[in-house]
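Have a look at the structure below, then the notes.
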Amino acid sequence: MSAIVFGLCGAVAAGLGLYGLITEAQPLRKILAFNVLGAGVFLVFGVVARRGAAAGFAGDPVPQALVITGMVVAFAATAMAVALLLRLLNLTGATTLDADTTAVESDSMGT
Amino acid sequence: MGASLLVLSIVVPIAGLLLAFVAGGHQVERIALATLPIGLTIAVAVAVTMHQADGPLVYLLGGWAPPLGVALRADGLSAVMMVTTAVVICAIGVFARADFVIPEGMAEARAPLAFWILLLGVWGALNTVFLGGDLFTLYVALELLTFAAVPLVSLDGRAETVRAALRYLLFALLGSVLYLAGTALLYGAWGTLDIVLLSRLVSAQPATIVAAALMTVGLLAKTALFPLHLWLPPAHAGAPAAASAALSALVVKGSFFIAVRLWFQVMPALPGPSAAQLLAALGAAAILFGSIAALRQERLKLLIAYSTLAQIGYLFLMFPLAYHAGATQLESGGALSGGMLQAISHATAKAAMFMAAGLIYEALGHDRMAGLAGVGRVLPITLAAFALAGVALIGAPPSGAYAAKTLLLRAADETAQWWWAVTIQAGGILTSSYVLLLLAHAVAPAPAPIALRARVSRTREAVVFVLALLSLCLGLIPWHAYLPIAAQALSSPLTFDALSSALWPILAGGVVAILIGRGAIKFGGIPGVVVGSVDRIRRTALVWISGVMRVDDMLQQWPAAVLALLALTIVFGIAMWVGR
């Protein structure tokens, strides 16, 4: 039962993350959306671990080990993206991914 | 003994990276340059040992066999890709020394420190990609590769390159999340992620098909196959020349290699012919869009970046050609060998091209196509290297691309898929067109003597020239020891027939360049009637071309690219379901 609930939660989180990645123009929001999407996928790993549990165990340890690695990677990725974003803000005073728009037209950070 | 070489090939670049990072300052370059020959020796040793052992080398980490443990495996594909990577990285290393000098009086500078460390990082990650015997190891390797590649884009710290790096990182992360979701589903369905074990288990049930679609599209996003290419042109064109060479020649091949592993080795029976046709159709679209965009660029480095886009498309043409009539699965035969040879050939030729472009930029202080006139006179060796790499890319004998083209055309003939044979030939024509356009600009006489901004070192020119020459001679290497090539499939590339068959795509490419290339090429002594009619055709063609460029602009918008990614996932899922 709990596997179904968590599986559905994972699917919803992944969907929300994808929606955010498509609709949000701000890179910081995109980074957050990536993390929501990632959390959804990690939940699916949790469900896989739960369903694959051997008798007497709460879960299959292999997907749990994989998910920890996945989290470390997602953390490192987020740190790198934020570092790049801060650098961009320092250089241009704005954060936008579109090369054509000038710094003046773009949204400013910190709102 | 042989198998422990596999561990060394990953450990040595990573150890060099860590050591260089700790030592810092002037030691960084020394440590990195010392690592290059060691890594090259290990890669060659792996290839030789594998040949002698007459089978794949396997190393079980900690002595635990899969499914409990994780294995490193080297087969023929791994061996050739490892040697290619080592050769290209060594060339980049020798070339890059002059670009990343620590300024006089300083103990350390950001760009040199970052470049050498990241170059070793890219190498270690790529070797892990080639050797990983487990889909999750491959995920980690893919992420390592992205993390090493992204900062290479923004080495010089200009705002536009930081922006390009961020775009690249965010899109690549989306791709890797899809791949990760696929591994979760596969593990849930089959209880292992080991490539060999999975290949014995998988069958076409819904979870597996969803996983395959997610992983395929995730890898395509990282490889920048059309229409998922929004990040590639600014990233590859904005990076310093040595970094562009590594990114364009090697980094995109990492995710391509995993896609090949997935389709040919993990689940050869699963994707089905319709998904393979779809993949190659995207490749054909990439060739067309990439080549046309290349012809219309104002800057040399952007032209080369768009050429990479087109050549990535070429790599995906092999998938439908690996289905023989009546066969139910992808066969590791001539088509696969052709695709891998194309990847190797592109790696060497494109690295040489980006480095030659770097030398031209250094000498002139710009890389505008319109200002290239007279370069042939002041930098003859660089331009000759560029021409050789261009000829190798076009697929003139005896280049690796010629061997690739022969194998792919033969496979198209055997499987009776004439439309892919036409695409392969058209790709050759389009490649010739942008190579010729560039050479025409460069050999044109300069209106005024060129004032060189900097002298170009002979060593660096020599490195580029040797790499380009190597690319042109790749067809002479006995590949059948490592790739599944049938005996007699590759006849001698130096016959009159082979050489003359290479001539007409080049001529046709010249016509295309005259008709739609940026900056009209002018000839003296041609009757006015001909000039007038050419102009008329050119004007009509350019109307169509501007439409194509608008579509390209649209696809480079973020929402369009992500929606394309989702749509492709669904379409691949349906195609695999139908092809069950």
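Residues are named by chain letter and number: chains run A, B, ... in the order of the structure tokens, numbers start at 1 in each chain, and ligands are numbered from 1 in the order shown.
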
Taking a cut-off of 9 Å and counting only C-alpha atoms, can you build a table that, for each residue of chain A near chain B, reports the nearest atom pair and how far apart they are in Å (one decimal), sorted by chain then residue number, as CSV?
residue,atom,partner,partner_atom,distance
A:Leu18,CA,B:Val562,CA,8.4
A:Leu21,CA,B:Val562,CA,7.6
A:Ile22,CA,B:Pro559,CA,4.8
A:Thr23,CA,B:Pro559,CA,6.6
A:Glu24,CA,B:Pro559,CA,8.7
A:Ala25,CA,B:Trp558,CA,8.2
A:Pro27,CA,B:Leu166,CA,8.3
A:Lys30,CA,B:Leu170,CA,7.7
A:Ile31,CA,B:Leu170,CA,7.3
A:Phe34,CA,B:Leu174,CA,7.1
A:Leu37,CA,B:Val177,CA,7.8
A:Gly38,CA,B:Val177,CA,6.4
A:Val41,CA,B:Ala181,CA,5.7
A:Phe42,CA,B:Ala181,CA,8.3
A:Val44,CA,B:Ala184,CA,7.0
A:Phe45,CA,B:Ala184,CA,5.6
A:Val47,CA,B:Gly188,CA,8.6
A:Val48,CA,B:Gly188,CA,5.1
A:Ala49,CA,B:Gly188,CA,7.7
A:Arg51,CA,B:Gly188,CA,7.9
A:Gly52,CA,B:Gly188,CA,7.2
A:Pro63,CA,B:Ala184,CA,7.6
A:Leu66,CA,B:Phe136,CA,7.7
A:Thr69,CA,B:Val140,CA,8.2
A:Gly70,CA,B:Leu180,CA,8.1
A:Val73,CA,B:Glu143,CA,7.3
A:Ala74,CA,B:Leu173,CA,8.6
A:Ala76,CA,B:Phe147,CA,8.7
A:Ala77,CA,B:Phe147,CA,7.5
A:Met80,CA,B:Phe147,CA,8.2
A:Ala81,CA,B:Leu166,CA,6.4
A:Leu84,CA,B:Leu166,CA,6.3
A:Leu85,CA,B:Leu166,CA,7.2
A:Arg87,CA,B:Val162,CA,7.5
A:Leu88,CA,B:Ala159,CA,6.0
A:Leu89,CA,B:Ala159,CA,8.9
A:Leu91,CA,B:Ala159,CA,5.9
A:Thr92,CA,B:Ala159,CA,6.7
A:Thr95,CA,B:Arg163,CA,8.5
A:Thr96,CA,B:Arg163,CA,7.7
A:Leu97,CA,B:Arg163,CA,6.0
A:Asp98,CA,B:Gln557,CA,8.0
A:Ala99,CA,B:Glu160,CA,7.0

Dump as a CSV table (one decimal), in the first residue's frame, selection limited to N, CA and C atoms:
chain,number,residue,atom,x,y,z
A,18,LEU,N,9.0,18.7,-14.1
A,18,LEU,CA,9.1,18.9,-15.5
A,18,LEU,C,8.3,20.1,-15.9
A,21,LEU,N,10.4,23.1,-15.2
A,21,LEU,CA,11.5,23.2,-16.2
A,21,LEU,C,11.0,23.8,-17.5
A,22,ILE,N,9.8,23.5,-17.9
A,22,ILE,CA,9.3,24.1,-19.2
A,22,ILE,C,8.9,25.5,-19.0
A,23,THR,N,8.1,25.8,-17.9
A,23,THR,CA,7.5,27.1,-17.9
A,23,THR,C,8.3,28.2,-17.2
A,24,GLU,N,9.2,27.8,-16.3
A,24,GLU,CA,9.9,28.9,-15.5
A,24,GLU,C,11.1,29.4,-16.4
A,25,ALA,N,11.2,30.7,-16.5
A,25,ALA,CA,12.3,31.3,-17.3
A,25,ALA,C,13.5,31.5,-16.4
A,27,PRO,N,16.6,31.0,-14.2
A,27,PRO,CA,17.5,29.8,-14.0
A,27,PRO,C,17.4,29.2,-12.6
A,30,LYS,N,14.5,27.1,-12.4
A,30,LYS,CA,14.8,25.9,-13.2
A,30,LYS,C,15.6,24.9,-12.3
A,31,ILE,N,16.6,25.4,-11.6
A,31,ILE,CA,17.4,24.6,-10.7
A,31,ILE,C,16.5,23.9,-9.6
A,34,PHE,N,14.5,21.2,-11.2
A,34,PHE,CA,15.3,20.0,-11.4
A,34,PHE,C,15.4,19.2,-10.1
A,37,LEU,N,12.1,17.4,-9.6
A,37,LEU,CA,12.0,16.3,-10.5
A,37,LEU,C,12.9,15.1,-10.0
A,38,GLY,N,14.1,15.5,-9.6
A,38,GLY,CA,15.0,14.5,-9.0
A,38,GLY,C,14.5,13.8,-7.8
A,41,VAL,N,12.1,11.1,-8.9
A,41,VAL,CA,12.8,9.9,-9.3
A,41,VAL,C,13.4,9.2,-8.1
A,42,PHE,N,13.9,9.9,-7.1
A,42,PHE,CA,14.5,9.2,-5.9
A,42,PHE,C,13.4,8.4,-5.2
A,44,VAL,N,10.8,7.1,-6.6
A,44,VAL,CA,10.6,5.9,-7.3
A,44,VAL,C,11.6,4.8,-7.0
A,45,PHE,N,12.9,5.2,-6.8
A,45,PHE,CA,13.9,4.3,-6.3
A,45,PHE,C,13.5,3.7,-4.9
A,47,VAL,N,10.5,3.2,-3.9
A,47,VAL,CA,9.4,2.3,-4.1
A,47,VAL,C,10.0,0.9,-4.6
A,48,VAL,N,10.9,1.1,-5.5
A,48,VAL,CA,11.6,-0.1,-6.1
A,48,VAL,C,12.2,-0.9,-5.0
A,49,ALA,N,12.9,-0.2,-4.0
A,49,ALA,CA,13.5,-0.9,-2.9
A,49,ALA,C,12.5,-1.6,-2.1
A,51,ARG,N,9.4,-2.7,-2.9
A,51,ARG,CA,8.8,-3.8,-3.5
A,51,ARG,C,9.7,-5.0,-3.7
A,52,GLY,N,11.0,-4.7,-3.7
A,52,GLY,CA,12.0,-5.8,-3.9
A,52,GLY,C,12.5,-6.4,-2.6
A,63,PRO,N,18.8,-0.5,-4.3
A,63,PRO,CA,18.3,0.8,-4.8
A,63,PRO,C,18.5,1.9,-3.8
A,66,LEU,N,21.9,3.1,-4.4
A,66,LEU,CA,21.9,3.8,-5.7
A,66,LEU,C,21.4,5.2,-5.4
A,69,THR,N,23.8,7.6,-3.9
A,69,THR,CA,24.7,8.1,-4.9
A,69,THR,C,24.0,9.2,-5.8
A,70,GLY,N,22.8,8.9,-6.2
A,70,GLY,CA,22.0,9.9,-7.0
A,70,GLY,C,21.9,11.2,-6.3
A,73,VAL,N,25.1,13.2,-6.4
A,73,VAL,CA,25.3,13.7,-7.7
A,73,VAL,C,24.4,15.0,-7.9
A,74,ALA,N,23.1,14.8,-7.5
A,74,ALA,CA,22.1,16.0,-7.6
A,74,ALA,C,22.6,17.2,-6.8
A,76,ALA,N,25.7,17.9,-5.9
A,76,ALA,CA,26.9,18.5,-6.6
A,76,ALA,C,26.4,19.3,-7.8
A,77,ALA,N,25.5,18.8,-8.6
A,77,ALA,CA,25.0,19.5,-9.7
A,77,ALA,C,24.3,20.8,-9.4
A,80,MET,N,26.9,23.3,-8.4
A,80,MET,CA,27.6,23.9,-9.6
A,80,MET,C,26.7,24.8,-10.3
A,81,ALA,N,25.5,24.5,-10.5
A,81,ALA,CA,24.5,25.4,-11.2
A,81,ALA,C,24.4,26.7,-10.5
A,84,LEU,N,27.5,28.8,-11.0
A,84,LEU,CA,27.5,29.5,-12.3
A,84,LEU,C,26.5,30.6,-12.3
A,85,LEU,N,25.4,30.4,-11.7
A,85,LEU,CA,24.4,31.5,-11.7
A,85,LEU,C,24.9,32.7,-10.9
A,87,ARG,N,27.9,33.6,-10.5
A,87,ARG,CA,29.0,34.2,-11.4
A,87,ARG,C,28.3,35.1,-12.4
A,88,LEU,N,27.3,34.5,-13.0
A,88,LEU,CA,26.6,35.3,-14.1
A,88,LEU,C,26.0,36.6,-13.6
A,89,LEU,N,25.4,36.5,-12.3
A,89,LEU,CA,24.8,37.7,-11.7
A,89,LEU,C,25.9,38.7,-11.4
A,91,LEU,N,28.7,39.1,-13.0
A,91,LEU,CA,29.2,39.6,-14.3
A,91,LEU,C,28.2,40.6,-15.0
A,92,THR,N,27.0,40.2,-15.0
A,92,THR,CA,26.0,41.0,-15.8
A,92,THR,C,25.0,41.8,-15.0
A,95,THR,N,20.2,37.6,-14.5
A,95,THR,CA,20.3,36.2,-14.7
A,95,THR,C,19.3,35.8,-15.8
A,96,THR,N,19.7,35.6,-17.0
A,96,THR,CA,18.9,35.1,-18.0
A,96,THR,C,19.6,34.1,-18.9
A,97,LEU,N,18.9,33.2,-19.4
A,97,LEU,CA,19.6,32.1,-20.2
A,97,LEU,C,19.6,32.5,-21.7
A,98,ASP,N,18.8,33.5,-22.1
A,98,ASP,CA,18.7,33.9,-23.5
A,98,ASP,C,19.8,34.8,-23.9
A,99,ALA,N,20.6,34.4,-24.9
A,99,ALA,CA,21.8,35.2,-25.2
A,99,ALA,C,21.4,36.5,-25.9

Task: DSSP alpha helix (DSSP H) residues within region 210-392 of chain B, listed as a PyMOL selection string - done: chain B and resi 210-223+232-238+241-246+252-260+272-295+300-315+318-321+334-364+375-378+380-392

Could you turn the residues from that selection into a file that holds C-alpha atoms, as a compact mmCIF listing (two decimals), in the first residue's frame?
# COMPACT_ATOMS: atom_id res chain seq x y z
CA VAL B 210 9.24 3.08 -20.68
CA ALA B 211 12.74 2.72 -19.25
CA ALA B 212 14.27 2.28 -22.70
CA ALA B 213 12.46 5.36 -24.06
CA LEU B 214 13.47 7.50 -21.06
CA MET B 215 17.10 6.41 -21.22
CA THR B 216 17.36 6.81 -24.98
CA VAL B 217 15.98 10.35 -24.97
CA GLY B 218 18.05 11.31 -21.93
CA LEU B 219 21.17 10.23 -23.77
CA LEU B 220 20.10 12.03 -26.95
CA ALA B 221 19.73 15.25 -24.94
CA LYS B 222 23.30 14.85 -23.70
CA THR B 223 24.55 14.03 -27.20
CA LEU B 232 25.63 22.89 -28.15
CA PRO B 233 26.43 25.79 -30.52
CA PRO B 234 27.00 28.50 -27.88
CA ALA B 235 28.89 26.10 -25.60
CA HIS B 236 31.20 24.61 -28.23
CA ALA B 237 31.80 27.89 -30.06
CA GLY B 238 32.38 29.96 -26.92
CA ALA B 241 39.99 26.28 -28.76
CA ALA B 242 41.60 23.46 -26.77
CA ALA B 243 38.46 23.04 -24.65
CA SER B 244 36.19 23.14 -27.71
CA ALA B 245 38.28 20.37 -29.24
CA ALA B 246 37.76 18.18 -26.17
CA VAL B 252 29.47 14.15 -26.95
CA LYS B 253 30.80 10.68 -27.85
CA GLY B 254 30.44 9.61 -24.20
CA SER B 255 26.65 9.68 -24.16
CA PHE B 256 26.56 8.38 -27.75
CA PHE B 257 28.63 5.39 -26.65
CA ILE B 258 26.20 4.61 -23.82
CA ALA B 259 23.30 4.81 -26.29
CA VAL B 260 25.11 2.26 -28.47
CA GLY B 272 12.31 -2.67 -32.90
CA PRO B 273 12.71 -1.38 -36.44
CA SER B 274 10.34 1.60 -36.16
CA ALA B 275 12.22 3.13 -33.22
CA ALA B 276 15.48 2.63 -35.12
CA GLN B 277 14.01 4.35 -38.19
CA LEU B 278 12.91 7.24 -35.97
CA LEU B 279 16.37 7.58 -34.47
CA ALA B 280 17.97 7.71 -37.91
CA ALA B 281 15.31 10.19 -39.09
CA LEU B 282 16.39 12.53 -36.29
CA GLY B 283 19.95 11.97 -37.47
CA ALA B 284 19.01 12.90 -41.04
CA ALA B 285 17.26 16.06 -39.80
CA ALA B 286 20.38 16.90 -37.79
CA ILE B 287 22.55 16.55 -40.90
CA LEU B 288 20.27 18.86 -42.89
CA PHE B 289 19.76 21.52 -40.19
CA GLY B 290 23.32 21.44 -38.92
CA SER B 291 24.84 21.73 -42.39
CA ILE B 292 22.56 24.53 -43.56
CA ALA B 293 23.13 26.43 -40.32
CA ALA B 294 26.89 25.90 -40.73
CA LEU B 295 26.75 27.41 -44.22
CA LEU B 300 34.44 30.20 -38.03
CA LYS B 301 34.01 28.57 -34.62
CA LEU B 302 30.22 28.64 -34.93
CA LEU B 303 30.52 27.01 -38.37
CA ILE B 304 32.57 24.20 -36.82
CA ALA B 305 30.13 23.87 -33.90
CA TYR B 306 27.17 23.50 -36.30
CA SER B 307 29.22 21.01 -38.28
CA THR B 308 29.47 18.94 -35.08
CA LEU B 309 25.68 19.06 -34.87
CA ALA B 310 25.44 17.65 -38.39
CA GLN B 311 28.08 14.99 -37.79
CA ILE B 312 26.30 13.82 -34.62
CA GLY B 313 23.32 13.16 -36.89
CA TYR B 314 25.53 10.97 -39.09
CA LEU B 315 26.37 8.78 -36.08
CA MET B 318 23.63 3.13 -38.29
CA PHE B 319 20.73 2.01 -36.10
CA PRO B 320 18.17 0.97 -38.76
CA LEU B 321 20.98 -0.42 -40.94
CA GLY B 334 29.06 -3.83 -40.43
CA ALA B 335 26.59 -1.05 -39.61
CA LEU B 336 27.78 -0.85 -35.99
CA SER B 337 31.40 -0.82 -37.14
CA GLY B 338 30.58 1.95 -39.63
CA GLY B 339 28.97 4.07 -36.92
CA MET B 340 31.88 3.61 -34.54
CA LEU B 341 34.42 4.42 -37.27
CA GLN B 342 32.45 7.57 -38.03
CA ALA B 343 32.65 8.53 -34.34
CA ILE B 344 36.42 7.92 -34.24
CA SER B 345 36.99 9.75 -37.50
CA HIS B 346 34.93 12.72 -36.35
CA ALA B 347 36.80 12.81 -33.03
CA THR B 348 40.20 13.23 -34.67
CA ALA B 349 39.10 15.50 -37.52
CA LYS B 350 36.98 17.81 -35.36
CA ALA B 351 39.68 18.19 -32.69
CA ALA B 352 42.12 19.21 -35.45
CA MET B 353 39.58 21.66 -36.90
CA PHE B 354 38.85 23.41 -33.61
CA MET B 355 42.55 23.69 -32.82
CA ALA B 356 43.29 25.07 -36.30
CA ALA B 357 40.49 27.59 -35.76
CA GLY B 358 42.13 28.49 -32.46
CA LEU B 359 45.43 29.21 -34.23
CA ILE B 360 43.66 31.36 -36.83
CA TYR B 361 41.93 33.28 -34.06
CA GLU B 362 45.23 33.78 -32.27
CA ALA B 363 46.95 35.08 -35.41
CA LEU B 364 44.16 37.36 -36.66
CA VAL B 375 44.97 33.31 -44.16
CA GLY B 376 46.27 30.70 -46.59
CA ARG B 377 49.31 32.86 -47.23
CA VAL B 378 50.21 33.67 -43.62
CA PRO B 380 49.84 27.76 -44.72
CA ILE B 381 50.41 24.78 -42.39
CA THR B 382 47.34 25.56 -40.28
CA LEU B 383 45.18 25.92 -43.35
CA ALA B 384 46.61 22.72 -44.84
CA ALA B 385 45.76 20.93 -41.59
CA PHE B 386 42.26 22.37 -41.80
CA ALA B 387 41.89 21.18 -45.38
CA LEU B 388 43.14 17.67 -44.50
CA ALA B 389 40.73 17.43 -41.56
CA GLY B 390 37.96 18.70 -43.83
CA VAL B 391 38.74 16.10 -46.50
CA ALA B 392 38.77 13.42 -43.78

TODO: Go ahead and compute the interatomic distance for CA of Val67 (chain A) and CA of Val36 (chain A), in Å to one decimal.
DONE: 14.6 Å

TODO: One decimal, Å: what's the distance from CA of Trp504 (chain B) over to CA of Ala322 (chain B), could you say?
DONE: 27.3 Å

TODO: Between CA of Leu499 (chain B) and CA of His480 (chain B), measure the distance and give it in Å to one decimal.
DONE: 22.1 Å
